[in-house]
$ cat target.pdb   # PDB, C-alpha atoms and all ligand atoms
ATOM      1  CA  MET A   1     329.772 159.571 -26.161  1.00  0.00           C
ATOM      2  CA  ASP A   2     330.295 161.974 -23.296  1.00  0.00           C
ATOM      3  CA  LYS A   3     327.763 164.427 -22.103  1.00  0.00           C
ATOM      4  CA  GLN A   4     329.532 167.339 -23.802  1.00  0.00           C
ATOM      5  CA  SER A   5     329.330 165.713 -27.260  1.00  0.00           C
ATOM      6  CA  ARG A   6     325.723 164.671 -26.787  1.00  0.00           C
ATOM      7  CA  MET A   7     324.766 168.194 -25.942  1.00  0.00           C
ATOM      8  CA  GLU A   8     326.712 169.483 -28.894  1.00  0.00           C
ATOM      9  CA  LEU A   9     324.944 167.025 -31.180  1.00  0.00           C
ATOM     10  CA  ARG A  10     321.547 167.877 -29.776  1.00  0.00           C
ATOM     11  CA  ARG A  11     322.250 171.548 -30.257  1.00  0.00           C
ATOM     12  CA  LYS A  12     323.201 170.972 -33.897  1.00  0.00           C
ATOM     13  CA  VAL A  13     320.063 168.924 -34.511  1.00  0.00           C
ATOM     14  CA  GLY A  14     318.072 171.613 -32.824  1.00  0.00           C
ATOM     15  CA  LEU A  15     319.607 174.255 -35.020  1.00  0.00           C
ATOM     16  CA  ARG A  16     318.835 172.283 -38.131  1.00  0.00           C
ATOM     17  CA  ASP A  17     315.229 172.007 -37.060  1.00  0.00           C
ATOM     18  CA  LEU A  18     314.835 175.718 -36.482  1.00  0.00           C
ATOM     19  CA  PRO A  19     312.301 177.103 -38.901  1.00  0.00           C
ATOM     20  CA  LYS A  20     313.650 179.445 -41.527  1.00  0.00           C
ATOM     21  CA  PRO A  21     312.957 183.062 -40.678  1.00  0.00           C
ATOM     22  CA  GLN A  22     309.550 183.787 -42.115  1.00  0.00           C
ATOM     23  CA  VAL A  23     309.303 186.373 -44.803  1.00  0.00           C
ATOM     24  CA  LYS A  24     306.681 188.725 -43.520  1.00  0.00           C
ATOM     25  CA  ILE A  25     303.796 188.870 -45.905  1.00  0.00           C
ATOM     26  CA  LEU A  26     301.663 191.913 -45.464  1.00  0.00           C
ATOM     27  CA  GLY A  27     298.090 190.738 -45.270  1.00  0.00           C
ATOM     28  CA  PRO A  28     294.781 192.387 -45.937  1.00  0.00           C
ATOM     29  CA  GLU A  29     295.153 194.333 -42.697  1.00  0.00           C
ATOM     30  CA  TYR A  30     297.479 196.527 -44.717  1.00  0.00           C
ATOM     31  CA  ALA A  31     294.812 197.323 -47.239  1.00  0.00           C
ATOM     32  CA  MET A  32     294.242 201.030 -47.644  1.00  0.00           C
ATOM     33  CA  SER A  33     291.044 202.860 -48.480  1.00  0.00           C
ATOM     34  CA  PHE A  34     291.101 204.618 -51.826  1.00  0.00           C
ATOM     35  CA  ALA A  35     288.216 207.028 -51.951  1.00  0.00           C
ATOM     36  CA  CYS A  36     286.828 208.652 -55.061  1.00  0.00           C
ATOM     37  CA  LEU A  37     285.287 211.985 -54.154  1.00  0.00           C
ATOM     38  CA  ASN A  38     283.485 212.071 -57.433  1.00  0.00           C
ATOM     39  CA  CYS A  39     281.722 208.705 -57.096  1.00  0.00           C
ATOM     40  CA  LYS A  40     281.558 208.895 -53.284  1.00  0.00           C
ATOM     41  CA  THR A  41     282.884 205.407 -52.987  1.00  0.00           C
ATOM     42  CA  SER A  42     285.822 203.873 -51.225  1.00  0.00           C
ATOM     43  CA  ASN A  43     287.640 200.678 -52.133  1.00  0.00           C
ATOM     44  CA  MET A  44     290.135 198.815 -50.012  1.00  0.00           C
ATOM     45  CA  ARG A  45     293.309 198.026 -51.908  1.00  0.00           C
ATOM     46  CA  HIS A  46     296.277 195.935 -50.936  1.00  0.00           C
ATOM     47  CA  PHE A  47     299.653 196.199 -52.641  1.00  0.00           C
ATOM     48  CA  ASP A  48     302.654 193.897 -52.349  1.00  0.00           C
ATOM     49  CA  LYS A  49     304.845 196.602 -50.904  1.00  0.00           C
ATOM     50  CA  ALA A  50     305.442 198.378 -47.662  1.00  0.00           C
ATOM     51  CA  PRO A  51     302.472 200.535 -46.606  1.00  0.00           C
ATOM     52  CA  CYS A  52     304.665 203.638 -46.775  1.00  0.00           C
ATOM     53  CA  ASP A  53     305.315 202.879 -50.447  1.00  0.00           C
ATOM     54  CA  TYR A  54     301.650 202.670 -51.341  1.00  0.00           C
ATOM     55  CA  PRO A  55     300.617 205.186 -53.985  1.00  0.00           C
ATOM     56  CA  ASP A  56     298.898 208.414 -52.890  1.00  0.00           C
ATOM     57  CA  THR A  57     296.282 207.983 -55.549  1.00  0.00           C
ATOM     58  CA  MET A  58     295.010 205.424 -58.019  1.00  0.00           C
ATOM     59  CA  GLU A  59     292.574 205.465 -60.879  1.00  0.00           C
ATOM     60  CA  CYS A  60     288.978 205.123 -59.747  1.00  0.00           C
ATOM     61  CA  PRO A  61     287.633 201.859 -61.199  1.00  0.00           C
ATOM     62  CA  ILE A  62     284.229 203.461 -61.735  1.00  0.00           C
ATOM     63  CA  CYS A  63     284.795 206.918 -63.240  1.00  0.00           C
ATOM     64  CA  ASN A  64     288.532 206.625 -64.088  1.00  0.00           C
ATOM     65  CA  GLY A  65     289.048 209.739 -62.005  1.00  0.00           C
ATOM     66  CA  VAL A  66     291.373 210.008 -59.044  1.00  0.00           C
ATOM     67  CA  ALA A  67     290.833 207.857 -55.965  1.00  0.00           C
ATOM     68  CA  VAL A  68     292.839 209.070 -52.992  1.00  0.00           C
ATOM     69  CA  ASN A  69     294.633 206.859 -50.497  1.00  0.00           C
ATOM     70  CA  LEU A  70     292.996 207.662 -47.172  1.00  0.00           C
ATOM     71  CA  GLY A  71     294.815 205.020 -45.211  1.00  0.00           C
ATOM     72  CA  ARG A  72     293.760 202.087 -43.113  1.00  0.00           C
ATOM     73  CA  HIS A  73     291.401 203.815 -40.747  1.00  0.00           C
ATOM     74  CA  PHE A  74     289.166 205.784 -43.062  1.00  0.00           C
ATOM     75  CA  LYS A  75     285.497 204.950 -42.652  1.00  0.00           C
ATOM     76  CA  PRO A  76     283.665 206.006 -45.766  1.00  0.00           C
ATOM     77  CA  PRO A  77     280.374 207.842 -45.226  1.00  0.00           C
ATOM     78  CA  LYS A  78     277.241 206.509 -46.874  1.00  0.00           C
ATOM     79  CA  LYS A  79     277.048 207.384 -50.548  1.00  0.00           C
ATOM     80  CA  SER A  80     273.926 209.447 -49.821  1.00  0.00           C
ATOM     81  CA  ASP A  81     275.602 211.429 -47.046  1.00  0.00           C
ATOM     82  CA  ASP A  82     276.551 214.489 -49.058  1.00  0.00           C
ATOM     83  CA  ALA A  83     277.503 216.557 -46.023  1.00  0.00           C
ATOM     84  CA  GLN A  84     280.068 214.009 -44.884  1.00  0.00           C
ATOM     85  CA  TRP A  85     281.514 213.570 -48.375  1.00  0.00           C
ATOM     86  CA  LYS A  86     281.783 217.350 -48.656  1.00  0.00           C
ATOM     87  CA  LYS A  87     283.765 217.337 -45.448  1.00  0.00           C
ATOM     88  CA  VAL A  88     286.058 214.549 -46.729  1.00  0.00           C
ATOM     89  CA  LYS A  89     286.566 216.435 -49.995  1.00  0.00           C
ATOM     90  CA  TYR A  90     287.384 219.624 -48.123  1.00  0.00           C
ATOM     91  CA  LEU A  91     289.930 217.823 -45.948  1.00  0.00           C
ATOM     92  CA  VAL A  92     291.578 216.050 -48.881  1.00  0.00           C
ATOM     93  CA  GLU A  93     291.767 219.221 -50.949  1.00  0.00           C
ATOM     94  CA  HIS A  94     293.553 220.884 -48.047  1.00  0.00           C
ATOM     95  CA  GLY A  95     296.090 218.114 -47.596  1.00  0.00           C
ATOM     96  CA  PHE A  96     294.417 216.072 -44.881  1.00  0.00           C
ATOM     97  CA  VAL A  97     294.152 212.516 -46.101  1.00  0.00           C
ATOM     98  CA  PHE A  98     293.347 211.024 -42.697  1.00  0.00           C
ATOM     99  CA  GLN A  99     297.002 210.856 -41.764  1.00  0.00           C
ATOM    100  CA  THR A 100     297.477 210.821 -38.029  1.00  0.00           C
ATOM    101  CA  ILE A 101     297.889 214.313 -36.618  1.00  0.00           C
ATOM    102  CA  TYR A 102     299.642 214.793 -33.310  1.00  0.00           C
ATOM    103  CA  GLU A 103     299.454 217.873 -31.201  1.00  0.00           C
ATOM    104  CA  GLN A 104     301.669 218.809 -28.313  1.00  0.00           C
ATOM    105  CA  ARG A 105     299.761 219.983 -25.294  1.00  0.00           C
ATOM    106  CA  ASP A 106     301.616 221.888 -22.638  1.00  0.00           C
ATOM    107  CA  ASP A 107     304.776 219.935 -22.045  1.00  0.00           C
ATOM    108  CA  SER A 108     303.086 216.705 -21.176  1.00  0.00           C
ATOM    109  CA  GLY A 109     303.428 214.988 -24.508  1.00  0.00           C
ATOM    110  CA  TYR A 110     301.807 214.447 -27.855  1.00  0.00           C
ATOM    111  CA  TYR A 111     298.178 213.658 -28.374  1.00  0.00           C
ATOM    112  CA  LYS A 112     296.470 212.205 -31.387  1.00  0.00           C
ATOM    113  CA  VAL A 113     294.043 214.738 -32.770  1.00  0.00           C
ATOM    114  CA  SER A 114     290.550 213.543 -33.724  1.00  0.00           C
ATOM    115  CA  TYR A 115     289.378 214.310 -37.210  1.00  0.00           C
ATOM    116  CA  PRO A 116     286.503 216.782 -37.510  1.00  0.00           C
ATOM    117  CA  ARG A 117     282.939 215.510 -37.579  1.00  0.00           C
ATOM    118  CA  SER A 118     281.423 218.240 -39.724  1.00  0.00           C
ATOM    119  CA  LEU A 119     282.412 220.582 -42.533  1.00  0.00           C
ATOM    120  CA  ALA A 120     282.337 223.512 -40.114  1.00  0.00           C
ATOM    121  CA  GLU A 121     284.741 221.692 -37.802  1.00  0.00           C
ATOM    122  CA  ALA A 122     286.860 220.737 -40.799  1.00  0.00           C
ATOM    123  CA  LYS A 123     287.383 224.406 -41.645  1.00  0.00           C
ATOM    124  CA  GLU A 124     288.692 225.105 -38.149  1.00  0.00           C
ATOM    125  CA  PHE A 125     290.764 221.938 -38.271  1.00  0.00           C
ATOM    126  CA  VAL A 126     292.414 222.860 -41.568  1.00  0.00           C
ATOM    127  CA  ALA A 127     293.221 226.351 -40.301  1.00  0.00           C
ATOM    128  CA  LYS A 128     294.626 225.037 -37.036  1.00  0.00           C
ATOM    129  CA  TYR A 129     296.763 222.215 -38.439  1.00  0.00           C
ATOM    130  CA  LYS A 130     297.686 223.658 -41.830  1.00  0.00           C
ATOM    131  CA  ASP A 131     301.386 223.086 -41.148  1.00  0.00           C
ATOM    132  CA  LYS A 132     300.638 219.344 -40.990  1.00  0.00           C
ATOM    133  CA  ALA A 133     298.982 219.197 -44.398  1.00  0.00           C
ATOM    134  CA  VAL A 134     300.525 216.924 -47.002  1.00  0.00           C
ATOM    135  CA  SER A 135     300.658 217.659 -50.685  1.00  0.00           C
ATOM    136  CA  ILE A 136     299.202 215.110 -53.039  1.00  0.00           C
ATOM    137  CA  ALA A 137     298.649 215.466 -56.749  1.00  0.00           C
ATOM    138  CA  LEU A 138     294.921 215.265 -57.358  1.00  0.00           C
TER     139      LEU A 138
HETATM  140 ZN    ZN B 201     285.119 207.650 -59.268  1.00  0.00          ZN
END
$ encode --input "target.pdb" --output "structure tokens" --more "lines below"
Ligand SMILES: [Zn+2]
Amino acid sequence: MDKQSRMELRRKVGLRDLPKPQVKILGPEYAMSFACLNCKTSNMRHFDKAPCDYPDTMECPICNGVAVNLGRHFKPPKKSDDAQWKKVKYLVEHGFVFQTIYEQRDDSGYYKVSYPRSLAEAKEFVAKYKDKAVSIAL
């Protein structure tokens, strides 16, 4: 067998040994927080679909009300922290479900806007970014 054929053979063997392309399984890192503003609880849920196809809302397992998809990065306040839950409720009711908001500053590019820390800040935030609000059926 000449060198050419050996290489050819090795290449074929190599190809056969190549692992099949892996089907990407979305793991728990793609779980989203579904928060119920009524119960002041948040549950992480994972669905077998692309994150962009996740539902906006689901039924709250506790009160059967509406739990809102607040994405991967939502950190639920303590259940006893009424002020923070009020802020979350205010934001959600005005179409801010912790989606990432970008703001252009000067001409130097887009910056990620931080979410407000208090209800007072939330009111300013909603007024300032109202064109970025999303509509969800609550
Ligand atoms: Zn609930």
$ resolve_selection --input "target.pdb" --expression "the PyMOL selection byres (((chain A and resi 88) around 12) and not hetatm)" --output "count of residues only"
41
$ resolve_selection --input "target.pdb" --expression "the PyMOL selection byres (((chain A and resi 43) around 6) and not hetatm)" --output "MDAnalysis selection string"
chainID A and resid 33:34 42 44
$ closest_residue --input "target.pdb" --among "A:Tyr30, A:Tyr110, A:Phe47, A:Tyr102" --to "Asp131 in chain A" --atoms "only C-alpha atoms"
A:Tyr102
$ atom_distance --input "target.pdb" --atom1 "CA of Gln104 in chain A" --atom2 "CA of Lys128 in chain A"
12.8 Å
$ closest_atom_pairs --input "target.pdb" --of "chain A" --to "ligand ZN 201 (chain B)" --cutoff "7 Å" --atoms "all atoms listed in the file" --output "CSV"
residue,atom,partner,partner_atom,distance
A:Cys36,CA,B:ZN201,ZN,4.7
A:Leu37,CA,B:ZN201,ZN,6.7
A:Asn38,CA,B:ZN201,ZN,5.1
A:Cys39,CA,B:ZN201,ZN,4.2
A:Cys60,CA,B:ZN201,ZN,4.6
A:Pro61,CA,B:ZN201,ZN,6.6
A:Ile62,CA,B:ZN201,ZN,4.9
A:Cys63,CA,B:ZN201,ZN,4.1
A:Asn64,CA,B:ZN201,ZN,6.0
A:Gly65,CA,B:ZN201,ZN,5.2
A:Val66,CA,B:ZN201,ZN,6.7
A:Ala67,CA,B:ZN201,ZN,6.6
$ atom_distance --input "target.pdb" --atom1 "CA of Glu59 in chain A" --atom2 "CA of Ser80 in chain A"
22.0 Å
$ atom_distance --input "target.pdb" --atom1 "CA of Lys130 in chain A" --atom2 "CA of Lys112 in chain A"
15.5 Å
$ closest_residue --input "target.pdb" --among "A:Ala127, A:Lys3, A:Ala50, A:Gln99" --to "Ser114 in chain A" --atoms "all atoms listed in the file"
A:Gln99
